[in-house]
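**Q** Here you go, this is upload.pdb (PDB, C-alpha atoms and all ligand atoms).
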```
ATOM      1  CA  MET A  19     -14.545 -28.964  -9.805
ATOM      2  CA  ASN A  20     -14.035 -29.032  -6.027
ATOM      3  CA  SER A  21     -13.119 -25.461  -5.074
ATOM      4  CA  THR A  22     -14.067 -22.117  -6.541
ATOM      5  CA  ARG A  23     -12.138 -21.197  -9.683
ATOM      6  CA  GLU A  24     -11.375 -17.508 -10.180
ATOM      7  CA  VAL A  25     -10.567 -16.028 -13.577
ATOM      8  CA  ALA A  26      -9.656 -12.378 -14.239
ATOM      9  CA  VAL A  27     -10.009 -10.673 -17.613
ATOM     10  CA  ILE A  28      -7.348  -7.992 -18.023
ATOM     11  CA  SER A  29      -5.844  -5.717 -20.662
ATOM     12  CA  GLY A  30      -2.707  -3.635 -20.725
ATOM     13  CA  LYS A  31      -4.740  -0.573 -21.716
ATOM     14  CA  GLY A  32      -8.315   0.619 -22.140
ATOM     15  CA  GLY A  33     -10.283   0.277 -25.374
ATOM     16  CA  THR A  34      -9.282  -3.301 -26.253
ATOM     17  CA  GLY A  35     -12.830  -4.669 -25.889
ATOM     18  CA  LYS A  36     -12.052  -6.305 -22.527
ATOM     19  CA  THR A  37     -15.450  -5.524 -21.006
ATOM     20  CA  THR A  38     -17.288  -6.824 -24.081
ATOM     21  CA  ILE A  39     -15.387 -10.117 -23.738
ATOM     22  CA  SER A  40     -16.090 -10.190 -19.981
ATOM     23  CA  ALA A  41     -19.804  -9.609 -20.592
ATOM     24  CA  SER A  42     -19.841 -12.447 -23.149
ATOM     25  CA  LEU A  43     -18.133 -14.812 -20.697
ATOM     26  CA  ALA A  44     -20.569 -13.660 -17.978
ATOM     27  CA  THR A  45     -23.428 -14.663 -20.276
ATOM     28  CA  LEU A  46     -21.938 -18.155 -20.528
ATOM     29  CA  LEU A  47     -21.166 -18.413 -16.803
ATOM     30  CA  GLU A  48     -22.848 -21.260 -14.941
ATOM     31  CA  GLU A  49     -23.009 -21.487 -11.142
ATOM     32  CA  GLY A  50     -20.865 -18.390 -10.893
ATOM     33  CA  VAL A  51     -20.405 -14.909  -9.522
ATOM     34  CA  ILE A  52     -19.376 -11.882 -11.587
ATOM     35  CA  VAL A  53     -17.103  -9.130 -10.242
ATOM     36  CA  ASP A  54     -16.643  -5.772 -11.954
ATOM     37  CA  ALA A  55     -13.235  -4.768 -10.595
ATOM     38  CA  ASP A  56     -12.892  -1.684 -12.776
ATOM     39  CA  VAL A  57     -13.969   0.464  -9.825
ATOM     40  CA  ASP A  58     -12.633   3.748 -11.235
ATOM     41  CA  ALA A  59     -14.744   3.523 -14.385
ATOM     42  CA  PRO A  60     -17.115   0.555 -14.155
ATOM     43  CA  ASN A  61     -19.158  -0.226 -17.255
ATOM     44  CA  LEU A  62     -19.931  -3.942 -17.125
ATOM     45  CA  HIS A  63     -23.223  -3.035 -15.425
ATOM     46  CA  ILE A  64     -24.349  -1.227 -18.596
ATOM     47  CA  LEU A  65     -24.529  -4.584 -20.380
ATOM     48  CA  LEU A  66     -25.665  -6.682 -17.411
ATOM     49  CA  GLU A  67     -28.385  -4.287 -16.128
ATOM     50  CA  PRO A  68     -28.111  -5.192 -12.431
ATOM     51  CA  GLN A  69     -30.854  -4.895  -9.818
ATOM     52  CA  VAL A  70     -29.128  -3.742  -6.635
ATOM     53  CA  GLU A  71     -29.780  -6.041  -3.653
ATOM     54  CA  GLU A  72     -27.294  -4.578  -1.158
ATOM     55  CA  SER A  73     -25.284  -1.360  -1.059
ATOM     56  CA  HIS A  74     -22.449  -0.579   1.356
ATOM     57  CA  ARG A  75     -20.423   2.533   2.086
ATOM     58  CA  PHE A  76     -16.711   2.084   1.478
ATOM     59  CA  MET A  77     -14.583   3.957   3.979
ATOM     60  CA  GLY A  78     -11.081   5.081   3.113
ATOM     61  CA  GLY A  79      -8.426   7.038   4.968
ATOM     62  CA  PHE A  80      -8.822   9.795   7.539
ATOM     63  CA  VAL A  81      -9.251  13.520   7.117
ATOM     64  CA  ALA A  82      -8.833  16.271   9.748
ATOM     65  CA  GLU A  83     -11.801  18.275  10.983
ATOM     66  CA  ILE A  84     -11.611  21.397  13.170
ATOM     67  CA  ASP A  85     -14.236  22.108  15.841
ATOM     68  CA  LYS A  86     -14.928  25.802  15.315
ATOM     69  CA  ASN A  87     -16.046  26.197  18.942
ATOM     70  CA  LEU A  88     -12.703  24.951  20.291
ATOM     71  CA  CYS A  89     -10.284  26.589  17.843
ATOM     72  CA  GLN A  90      -8.455  29.554  19.368
ATOM     73  CA  ARG A  91      -6.751  30.591  16.092
ATOM     74  CA  CYS A  92      -3.253  29.942  17.463
ATOM     75  CA  GLY A  93      -2.052  28.969  13.943
ATOM     76  CA  THR A  94      -0.055  25.867  15.008
ATOM     77  CA  CYS A  95      -1.868  23.535  12.597
ATOM     78  CA  HIS A  96      -1.439  26.009   9.738
ATOM     79  CA  GLN A  97       2.311  26.252  10.333
ATOM     80  CA  LEU A  98       2.843  22.493  10.647
ATOM     81  CA  CYS A  99       0.746  21.148   7.785
ATOM     82  CA  ARG A 100       3.069  20.171   4.914
ATOM     83  CA  PHE A 101       0.121  19.724   2.567
ATOM     84  CA  GLU A 102      -1.191  23.286   2.860
ATOM     85  CA  ALA A 103      -4.510  21.780   3.867
ATOM     86  CA  VAL A 104      -5.240  24.219   6.716
ATOM     87  CA  ILE A 105      -7.053  27.354   5.636
ATOM     88  CA  ALA A 106      -6.567  30.466   7.811
ATOM     89  CA  PRO A 107      -9.582  32.714   7.304
ATOM     90  CA  LYS A 108      -9.443  36.389   8.280
ATOM     91  CA  GLU A 109     -11.961  35.708  11.026
ATOM     92  CA  GLY A 110     -13.285  32.697  12.890
ATOM     93  CA  ALA A 111     -11.907  29.210  13.324
ATOM     94  CA  TYR A 112      -9.285  27.676  11.043
ATOM     95  CA  GLN A 113     -10.628  25.232   8.461
ATOM     96  CA  ILE A 114      -9.443  22.103   6.654
ATOM     97  CA  ASP A 115      -9.409  21.625   2.896
ATOM     98  CA  PRO A 116     -10.487  17.942   2.803
ATOM     99  CA  ILE A 117      -9.161  17.445  -0.739
ATOM    100  CA  ALA A 118      -5.649  18.623   0.225
ATOM    101  CA  CYS A 119      -5.591  16.864   3.626
ATOM    102  CA  ASP A 120      -3.420  13.736   3.563
ATOM    103  CA  GLY A 121      -4.707  12.481   6.906
ATOM    104  CA  CYS A 122      -1.261  12.477   8.551
ATOM    105  CA  GLY A 123      -2.776  13.536  11.899
ATOM    106  CA  LEU A 124      -0.063  16.058  12.800
ATOM    107  CA  CYS A 125      -2.555  18.871  13.382
ATOM    108  CA  HIS A 126      -4.623  16.571  15.608
ATOM    109  CA  LEU A 127      -1.593  15.722  17.736
ATOM    110  CA  SER A 128      -0.336  19.322  17.890
ATOM    111  CA  CYS A 129      -3.454  21.374  18.582
ATOM    112  CA  PRO A 130      -3.166  22.817  22.093
ATOM    113  CA  ASN A 131      -6.954  23.005  22.413
ATOM    114  CA  ASN A 132      -7.905  19.518  21.177
ATOM    115  CA  ALA A 133      -9.883  21.192  18.427
ATOM    116  CA  VAL A 134      -8.870  18.778  15.648
ATOM    117  CA  SER A 135     -10.445  15.355  15.163
ATOM    118  CA  MET A 136      -9.536  12.764  12.565
ATOM    119  CA  ILE A 137     -12.627  11.521  10.691
ATOM    120  CA  GLN A 138     -12.733   8.482   8.445
ATOM    121  CA  LYS A 139     -14.108   9.499   5.064
ATOM    122  CA  GLU A 140     -16.435   7.718   2.701
ATOM    123  CA  VAL A 141     -14.645   7.172  -0.621
ATOM    124  CA  GLY A 142     -17.210   5.148  -2.519
ATOM    125  CA  TYR A 143     -19.889   2.464  -2.496
ATOM    126  CA  TRP A 144     -19.930  -1.225  -3.294
ATOM    127  CA  TYR A 145     -22.927  -3.321  -4.267
ATOM    128  CA  ARG A 146     -24.248  -6.839  -4.598
ATOM    129  CA  SER A 147     -26.759  -7.036  -7.428
ATOM    130  CA  ASN A 148     -28.759  -9.593  -9.341
ATOM    131  CA  THR A 149     -28.383  -9.853 -13.088
ATOM    132  CA  ARG A 150     -29.939 -12.243 -15.592
ATOM    133  CA  HIS A 151     -26.565 -14.033 -15.653
ATOM    134  CA  GLY A 152     -26.048 -14.341 -11.895
ATOM    135  CA  PRO A 153     -24.938 -12.234  -8.946
ATOM    136  CA  LEU A 154     -22.708  -9.237  -9.652
ATOM    137  CA  PHE A 155     -20.378  -7.507  -7.182
ATOM    138  CA  HIS A 156     -19.500  -3.998  -8.323
ATOM    139  CA  ALA A 157     -18.452  -0.659  -6.906
ATOM    140  CA  LEU A 158     -17.864   2.978  -7.631
ATOM    141  CA  LEU A 159     -15.244   5.243  -6.116
ATOM    142  CA  HIS A 160     -16.138   8.884  -5.595
ATOM    143  CA  PRO A 161     -14.351  11.157  -8.111
ATOM    144  CA  GLY A 162     -10.773  11.947  -7.122
ATOM    145  CA  GLU A 163     -10.490   9.130  -4.552
ATOM    146  CA  ASP A 164      -7.622   6.697  -4.935
ATOM    147  CA  ASN A 165      -8.391   3.623  -2.842
ATOM    148  CA  SER A 166      -9.228   1.505  -5.862
ATOM    149  CA  GLY A 167      -6.898  -1.395  -4.925
ATOM    150  CA  LYS A 168      -8.556  -1.746  -1.499
ATOM    151  CA  LEU A 169     -12.033  -1.470  -3.013
ATOM    152  CA  VAL A 170     -11.210  -4.245  -5.509
ATOM    153  CA  THR A 171     -10.049  -6.409  -2.601
ATOM    154  CA  GLN A 172     -13.294  -5.622  -0.747
ATOM    155  CA  ILE A 173     -15.594  -6.706  -3.594
ATOM    156  CA  ARG A 174     -13.486  -9.755  -4.412
ATOM    157  CA  THR A 175     -13.542 -10.903  -0.777
ATOM    158  CA  SER A 176     -17.313 -10.373  -0.589
ATOM    159  CA  ALA A 177     -17.797 -12.283  -3.854
ATOM    160  CA  GLN A 178     -15.656 -15.185  -2.574
ATOM    161  CA  GLN A 179     -17.657 -15.327   0.661
ATOM    162  CA  PHE A 180     -20.950 -15.239  -1.252
ATOM    163  CA  ALA A 181     -19.782 -17.990  -3.631
ATOM    164  CA  LYS A 182     -18.787 -20.136  -0.675
ATOM    165  CA  GLU A 183     -22.125 -19.637   1.103
ATOM    166  CA  LYS A 184     -24.132 -20.429  -2.043
ATOM    167  CA  GLY A 185     -21.899 -23.275  -3.272
ATOM    168  CA  LEU A 186     -21.011 -21.401  -6.493
ATOM    169  CA  LYS A 187     -17.919 -22.733  -8.246
ATOM    170  CA  ARG A 188     -16.814 -19.947 -10.577
ATOM    171  CA  ILE A 189     -15.863 -16.286 -10.158
ATOM    172  CA  LEU A 190     -15.359 -14.135 -13.241
ATOM    173  CA  ILE A 191     -13.561 -10.829 -12.662
ATOM    174  CA  ASP A 192     -13.619  -7.976 -15.175
ATOM    175  CA  GLY A 193     -10.328  -6.364 -14.183
ATOM    176  CA  PRO A 194      -9.332  -2.732 -14.630
ATOM    177  CA  PRO A 195      -7.091  -1.772 -17.558
ATOM    178  CA  GLY A 196      -3.392  -0.977 -17.070
ATOM    179  CA  ILE A 197      -0.836  -2.385 -14.637
ATOM    180  CA  GLY A 198      -1.508  -0.364 -11.488
ATOM    181  CA  CYS A 199      -2.560  -1.217  -7.961
ATOM    182  CA  PRO A 200      -6.185  -2.249  -8.781
ATOM    183  CA  VAL A 201      -4.889  -4.682 -11.428
ATOM    184  CA  ILE A 202      -2.592  -6.278  -8.861
ATOM    185  CA  SER A 203      -5.574  -6.538  -6.489
ATOM    186  CA  SER A 204      -7.582  -8.166  -9.291
ATOM    187  CA  LEU A 205      -4.881 -10.759 -10.050
ATOM    188  CA  THR A 206      -3.836 -11.726  -6.530
ATOM    189  CA  GLY A 207      -4.825 -15.330  -5.865
ATOM    190  CA  VAL A 208      -6.741 -15.963  -9.127
ATOM    191  CA  ASP A 209      -6.351 -19.304 -10.898
ATOM    192  CA  ALA A 210      -6.181 -17.899 -14.409
ATOM    193  CA  ALA A 211      -6.042 -14.612 -16.293
ATOM    194  CA  LEU A 212      -7.227 -13.812 -19.788
ATOM    195  CA  LEU A 213      -5.309 -11.000 -21.458
ATOM    196  CA  VAL A 214      -7.271  -9.195 -24.178
ATOM    197  CA  VAL A 215      -4.969  -7.628 -26.767
ATOM    198  CA  GLU A 216      -5.534  -5.799 -30.032
ATOM    199  CA  PRO A 217      -2.942  -5.958 -32.823
ATOM    200  CA  THR A 218      -1.570  -2.418 -32.655
ATOM    201  CA  PRO A 219       1.931  -1.284 -31.616
ATOM    202  CA  SER A 220       0.610   0.184 -28.342
ATOM    203  CA  GLY A 221      -1.526  -2.919 -27.749
ATOM    204  CA  ILE A 222       1.521  -5.181 -28.002
ATOM    205  CA  HIS A 223       3.680  -2.872 -25.909
ATOM    206  CA  ASP A 224       1.112  -2.809 -23.084
ATOM    207  CA  ALA A 225       0.517  -6.556 -23.349
ATOM    208  CA  LYS A 226       4.230  -7.222 -22.813
ATOM    209  CA  ARG A 227       4.231  -5.052 -19.691
ATOM    210  CA  ILE A 228       1.249  -6.838 -18.186
ATOM    211  CA  VAL A 229       2.651 -10.278 -19.027
ATOM    212  CA  GLU A 230       5.753  -9.336 -17.057
ATOM    213  CA  LEU A 231       3.521  -8.378 -14.156
ATOM    214  CA  THR A 232       1.611 -11.675 -14.270
ATOM    215  CA  ARG A 233       4.895 -13.624 -14.056
ATOM    216  CA  SER A 234       5.059 -12.753 -10.367
ATOM    217  CA  PHE A 235       1.703 -14.504  -9.829
ATOM    218  CA  ASN A 236       1.255 -18.244  -9.963
ATOM    219  CA  LEU A 237      -1.530 -18.343 -12.557
ATOM    220  CA  GLU A 238      -2.466 -19.800 -15.928
ATOM    221  CA  LEU A 239      -2.248 -17.129 -18.610
ATOM    222  CA  TYR A 240      -4.393 -17.046 -21.771
ATOM    223  CA  LEU A 241      -4.403 -14.429 -24.500
ATOM    224  CA  LEU A 242      -7.216 -13.383 -26.811
ATOM    225  CA  VAL A 243      -6.507 -11.266 -29.890
ATOM    226  CA  ASN A 244      -9.468  -8.980 -30.386
ATOM    227  CA  ARG A 245     -10.160  -7.419 -33.812
ATOM    228  CA  PHE A 246      -7.300  -9.576 -35.144
ATOM    229  CA  ASP A 247      -8.100  -8.680 -38.772
ATOM    230  CA  ILE A 248      -7.306  -4.966 -38.401
ATOM    231  CA  ASN A 249      -3.645  -6.003 -38.748
ATOM    232  CA  ARG A 250      -3.163  -9.661 -39.645
ATOM    233  CA  GLU A 251       0.618  -9.411 -39.758
ATOM    234  CA  MET A 252       0.785  -8.037 -36.262
ATOM    235  CA  SER A 253      -1.745 -10.647 -35.072
ATOM    236  CA  LYS A 254       0.568 -13.333 -36.414
ATOM    237  CA  SER A 255       3.521 -11.874 -34.551
ATOM    238  CA  ILE A 256       1.410 -11.849 -31.337
ATOM    239  CA  GLU A 257       0.704 -15.561 -31.873
ATOM    240  CA  GLU A 258       4.420 -16.277 -32.376
ATOM    241  CA  TRP A 259       5.263 -14.285 -29.274
ATOM    242  CA  CYS A 260       2.668 -16.309 -27.286
ATOM    243  CA  GLN A 261       4.360 -19.524 -28.383
ATOM    244  CA  LYS A 262       7.766 -18.207 -27.364
ATOM    245  CA  GLU A 263       6.493 -16.997 -23.998
ATOM    246  CA  ARG A 264       4.401 -20.157 -23.412
ATOM    247  CA  ILE A 265       1.153 -18.210 -23.220
ATOM    248  CA  GLU A 266      -1.861 -20.176 -24.369
ATOM    249  CA  LEU A 267      -3.742 -18.535 -27.228
ATOM    250  CA  GLY A 268      -7.355 -18.383 -26.098
ATOM    251  CA  GLY A 269      -8.699 -17.376 -29.514
ATOM    252  CA  LYS A 270      -8.982 -14.624 -32.104
ATOM    253  CA  ILE A 271     -12.023 -12.445 -32.722
ATOM    254  CA  PRO A 272     -12.552 -10.395 -35.897
ATOM    255  CA  LEU A 273     -13.719  -6.813 -36.148
ATOM    256  CA  ASP A 274     -17.421  -7.257 -36.879
ATOM    257  CA  PRO A 275     -19.601  -4.260 -37.768
ATOM    258  CA  ARG A 276     -22.575  -5.927 -36.031
ATOM    259  CA  ILE A 277     -20.949  -5.747 -32.583
ATOM    260  CA  PRO A 278     -21.547  -2.007 -31.816
ATOM    261  CA  GLN A 279     -25.273  -2.396 -32.576
ATOM    262  CA  LEU A 280     -25.499  -5.518 -30.386
ATOM    263  CA  LEU A 281     -23.863  -3.636 -27.517
ATOM    264  CA  LEU A 282     -26.303  -0.745 -27.946
ATOM    265  CA  GLU A 283     -29.104  -3.279 -27.527
ATOM    266  CA  ARG A 284     -27.442  -4.650 -24.332
ATOM    267  CA  ARG A 285     -26.531  -7.848 -26.166
ATOM    268  CA  THR A 286     -23.113  -9.429 -26.650
ATOM    269  CA  PRO A 287     -21.107 -10.764 -29.638
ATOM    270  CA  LEU A 288     -22.287 -14.261 -28.622
ATOM    271  CA  GLU A 289     -25.211 -13.620 -30.977
ATOM    272  CA  ILE A 290     -22.777 -13.944 -33.924
ATOM    273  CA  SER A 291     -22.366 -17.694 -34.421
ATOM    274  CA  GLU A 292     -18.669 -17.816 -35.423
ATOM    275  CA  ILE A 293     -17.704 -15.542 -32.511
ATOM    276  CA  ARG A 294     -19.872 -17.602 -30.183
ATOM    277  CA  ASP A 295     -17.891 -20.734 -31.128
ATOM    278  CA  THR A 296     -14.602 -19.007 -30.218
ATOM    279  CA  LEU A 297     -15.976 -17.667 -26.930
ATOM    280  CA  GLU A 298     -17.561 -20.973 -25.908
ATOM    281  CA  CYS A 299     -14.264 -22.716 -26.540
ATOM    282  CA  LEU A 300     -12.474 -20.000 -24.526
ATOM    283  CA  TYR A 301     -14.958 -20.362 -21.652
ATOM    284  CA  GLU A 302     -14.262 -24.114 -21.530
ATOM    285  CA  LYS A 303     -10.517 -23.481 -21.360
ATOM    286  CA  LEU A 304     -10.874 -20.878 -18.633
ATOM    287  CA  PHE A 305     -13.382 -22.551 -16.357
ATOM    288  CA  ASN A 306     -13.434 -26.307 -16.945
TER
HETATM  289  S1  LIG B   1      -3.897  24.308  16.278
HETATM  290 FE1  LIG B   1      -5.966  24.058  17.084
HETATM  291  S2  LIG B   1      -6.436  25.997  18.088
HETATM  292 FE2  LIG B   1      -4.644  26.321  16.806
HETATM  293  S3  LIG B   1      -5.492  27.102  14.897
HETATM  294 FE3  LIG B   1      -5.289  24.920  14.665
HETATM  295  S4  LIG B   1      -7.252  24.098  15.282
HETATM  296 FE4  LIG B   1      -7.189  26.174  16.000
HETATM  297  S1  LIG B   2      -4.045  15.744   8.988
HETATM  298 FE1  LIG B   2      -2.015  16.286   8.216
HETATM  299  S2  LIG B   2      -2.463  16.812   6.093
HETATM  300 FE2  LIG B   2      -4.393  16.899   7.138
HETATM  301  S3  LIG B   2      -4.618  18.995   7.759
HETATM  302 FE3  LIG B   2      -3.701  17.921   9.477
HETATM  303  S4  LIG B   2      -1.503  18.218   9.235
HETATM  304 FE4  LIG B   2      -2.468  18.728   7.271
END
```
Kindly transcribe the structure held in the file into structure tokens.
**A**
Amino acid sequence: MNSTREVAVISGKGGTGKTTISASLATLLEEGVIVDADVDAPNLHILLEPQVEESHRFMGGFVAEIDKNLCQRCGTCHQLCRFEAVIAPKEGAYQIDPIACDGCGLCHLSCPNNAVSMIQKEVGYWYRSNTRHGPLFHALLHPGEDNSGKLVTQIRTSAQQFAKEKGLKRILIDGPPGIGCPVISSLTGVDAALLVVEPTPSGIHDAKRIVELTRSFNLELYLLVNRFDINREMSKSIEEWCQKERIELGGKIPLDPRIPQLLLERRTPLEISEIRDTLECLYEKLFN
């Protein structure tokens, strides 16, 4: 392998077992970097138990701030703000509600006393950590912040740079569920994606939506049916659909009552020999 190969694990919805599969693949990863791109609700770290080596503030958009010593209570900002983010107290300087403020800057431009500044706000943190399976790049947005696509791009870019510096050839990305902006940021430029699906009507519906999304990216697409035996008929129709859509079936994993206990012990389904065989074969397809 000459250049770095990037693979994203995705799912059309939450609860398909995507992170469990990602953690298993991370355990098998050689000369690689792991990225937890589910920045709204990261949980890969629970299984990988990272030791943080670096932490960085992640700055998002701007928010207005009023200097109470300069504000003359003229009311201009209050009248102009379309987001009702300027609070007019009975006494003293006007104030900004930072949650409501959209950062448009109109109050800053309109204040006759130059009392309003635009301040860039911290919206989360991102980290580089060590795990027993290699370096992990992960992040956490502050509650209510919505810059997840940009934060995914930030940790992916940092992971790529790190891999290049250290001569690491593989990047495994645990993508966020759904089809929104952070998923697009997780898929942009990857070599391959693994779609984890469970055989339920909603699972199939969401899988079809995400397959449509992946068609706009030039990537190899694999599909893994998780807990295939909860509905064998539906699993079979997923396999037939894969054939029709030219999606490579990456494997099928049964519902195994031992898995929840393994996860509680910070271990992965790789400890179950027949599942290990499927996942090792999948790893070979994805990375070699
Ligand atoms: S426009 Fe400026 S001076 Fe007027 S209320 Fe707003 S902050 Fe105060
Ligand atoms: S920056 Fe825009 S949204 Fe924020 S308080 Fe000023 S006018 Fe309102």
**Q** Could you tell me, as a list in words, which residues have any atom at most 9 Å from (-10.9, 0.2, -4.8), counting all atoms listed in the file?
**A** Ala55, Asp56, Val57, Asp58, Phe76, Val141, Gly142, Ala157, Leu158, Leu159, Glu163, Asp164, Asn165, Ser166, Gly167, Lys168, Leu169, Val170, Thr171, Gln172, Ile173, Pro200 and Ser203 of chain A
**Q** Could you tell me, as an MDAnalysis selection string, exactly which residues end up selected when the PyMOL selection byres (((chain A and resi 304) around 9) and not hetatm) is applied to this structure?
**A** chainID A and resid 25 210:212 238 240 268 299:303 305:306
**Q** Mind telling me what the PyMOL selection byres (((chain A and resi 121) around 10) and not hetatm) catches here, as a list in words?
**A**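 Here the PyMOL selection byres (((chain A and resi 121) around 10) and not hetatm) matches Gly79, Phe80, Val81, Ala82, Phe101, Ala103, Pro116, Ala118, Cys119, Asp120, Cys122, Gly123, Leu124, Cys125, His126, Met136, Ile137 and Gln138 of chain A.
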**Q** Could you tell me, counting only C-alpha atoms and all ligand atoms, which protein and nucleic acid residues lie no more than 7 Å from ligand LIG 1 (chain B), written as a PyMOL selection string?
**A** chain A and resi 84+88-96+111-112+125+128-134
**Q** Which of these residues is nearest to Asp54 (chain A), using only C-alpha atoms: A:Asp192, A:Asp209, A:Asp85, A:Glu283?
**A**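 So, comparing all the options, the nearest one is A:Asp192.
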**Q** Could you tell me which residues the PyMOL selection byres (((chain A and resi 250-254) around 10) and not hetatm) returns for this structure, as a PyMOL selection string?
**A** chain A and resi 215-219+222+243-249+255-260+270
**Q** Taking only C-alpha atoms into account, which of A:Ala181, A:Ile271, A:Ile197, A:Leu205 comes nearest Ala225 (chain A)?
**A**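 Closest to Ala225 (chain A), using only C-alpha atoms: A:Ile197.
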**Q** What is the CA of Gly269 (chain A)-CA of Glu289 (chain A) distance in Å, reported with one decimal?
**A**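 A separation of 17.0 Å between them.
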**Q** Quick one: everything within 7 Å of Ser42 (chain A), counting all atoms listed in the file, minus sequence neighbours fewer than 4 positions away in the same chain. Send it as a list of chain:residue names.
**A**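 The residues that qualify are A:Thr38, A:Leu46, A:Thr286, A:Pro287, A:Leu288.
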**Q** Measuring between only C-alpha atoms, which one of A:Gln97, A:His63, A:Ile293, A:Thr175 shows the shortest distance to Ile277 (chain A)?
**A**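 When distances to Ile277 (chain A) are compared using only C-alpha atoms, the smallest one comes from A:Ile293.
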**Q** As an exercise, work out the distance from CA of Gly32 (chain A) to CA of Gly221 (chain A) in Å and give it to one decimal place.
**A**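 Distance between the two atoms: 9.5 Å.
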**Q** Between CA of Leu267 (chain A) and CA of Ala41 (chain A), what is the distance in Å, rounded to a tenth?
**A**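 Interatomic distance, CA of Leu267 (chain A) to CA of Ala41 (chain A): 19.5 Å.
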**Q** Would you fill the gaps in region 183-195 of chain A so it has N, CA and C atoms, then print it as a PDB file, in the coordinates of the input?
**A**
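The result, stored in rebuild25.pdb:
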```pdb
ATOM      1  N   GLU A 183     -20.822 -19.427   0.439  1.00  0.00           N
ATOM      2  CA  GLU A 183     -22.125 -19.637   1.103  1.00  0.00           C
ATOM      3  C   GLU A 183     -23.133 -20.308   0.176  1.00  0.00           C
ATOM      4  N   LYS A 184     -23.121 -19.927  -1.104  1.00  0.00           N
ATOM      5  CA  LYS A 184     -24.132 -20.429  -2.043  1.00  0.00           C
ATOM      6  C   LYS A 184     -23.653 -21.644  -2.824  1.00  0.00           C
ATOM      7  N   GLY A 185     -22.426 -22.101  -2.562  1.00  0.00           N
ATOM      8  CA  GLY A 185     -21.899 -23.275  -3.272  1.00  0.00           C
ATOM      9  C   GLY A 185     -21.632 -22.999  -4.746  1.00  0.00           C
ATOM     10  N   LEU A 186     -21.282 -21.748  -5.088  1.00  0.00           N
ATOM     11  CA  LEU A 186     -21.011 -21.401  -6.493  1.00  0.00           C
ATOM     12  C   LEU A 186     -19.534 -21.642  -6.796  1.00  0.00           C
ATOM     13  N   LYS A 187     -19.263 -22.191  -7.970  1.00  0.00           N
ATOM     14  CA  LYS A 187     -17.919 -22.733  -8.246  1.00  0.00           C
ATOM     15  C   LYS A 187     -17.043 -21.848  -9.113  1.00  0.00           C
ATOM     16  N   ARG A 188     -17.597 -20.761  -9.640  1.00  0.00           N
ATOM     17  CA  ARG A 188     -16.814 -19.947 -10.577  1.00  0.00           C
ATOM     18  C   ARG A 188     -16.949 -18.468 -10.249  1.00  0.00           C
ATOM     19  N   ILE A 189     -15.828 -17.750 -10.314  1.00  0.00           N
ATOM     20  CA  ILE A 189     -15.863 -16.286 -10.158  1.00  0.00           C
ATOM     21  C   ILE A 189     -15.170 -15.682 -11.376  1.00  0.00           C
ATOM     22  N   LEU A 190     -15.901 -14.821 -12.071  1.00  0.00           N
ATOM     23  CA  LEU A 190     -15.359 -14.135 -13.241  1.00  0.00           C
ATOM     24  C   LEU A 190     -15.136 -12.670 -12.875  1.00  0.00           C
ATOM     25  N   ILE A 191     -13.902 -12.212 -13.051  1.00  0.00           N
ATOM     26  CA  ILE A 191     -13.561 -10.829 -12.662  1.00  0.00           C
ATOM     27  C   ILE A 191     -13.255 -10.020 -13.921  1.00  0.00           C
ATOM     28  N   ASP A 192     -13.981  -8.916 -14.104  1.00  0.00           N
ATOM     29  CA  ASP A 192     -13.619  -7.976 -15.175  1.00  0.00           C
ATOM     30  C   ASP A 192     -12.635  -6.993 -14.545  1.00  0.00           C
ATOM     31  N   GLY A 193     -11.362  -7.166 -14.837  1.00  0.00           N
ATOM     32  CA  GLY A 193     -10.328  -6.364 -14.183  1.00  0.00           C
ATOM     33  C   GLY A 193     -10.221  -4.977 -14.785  1.00  0.00           C
ATOM     34  N   PRO A 194      -9.554  -4.064 -14.070  1.00  0.00           N
ATOM     35  CA  PRO A 194      -9.332  -2.732 -14.630  1.00  0.00           C
ATOM     36  C   PRO A 194      -8.226  -2.771 -15.685  1.00  0.00           C
ATOM     37  N   PRO A 195      -8.188  -1.796 -16.585  1.00  0.00           N
ATOM     38  CA  PRO A 195      -7.091  -1.772 -17.558  1.00  0.00           C
ATOM     39  C   PRO A 195      -5.800  -1.295 -16.900  1.00  0.00           C
TER      40      PRO A 195
END
```
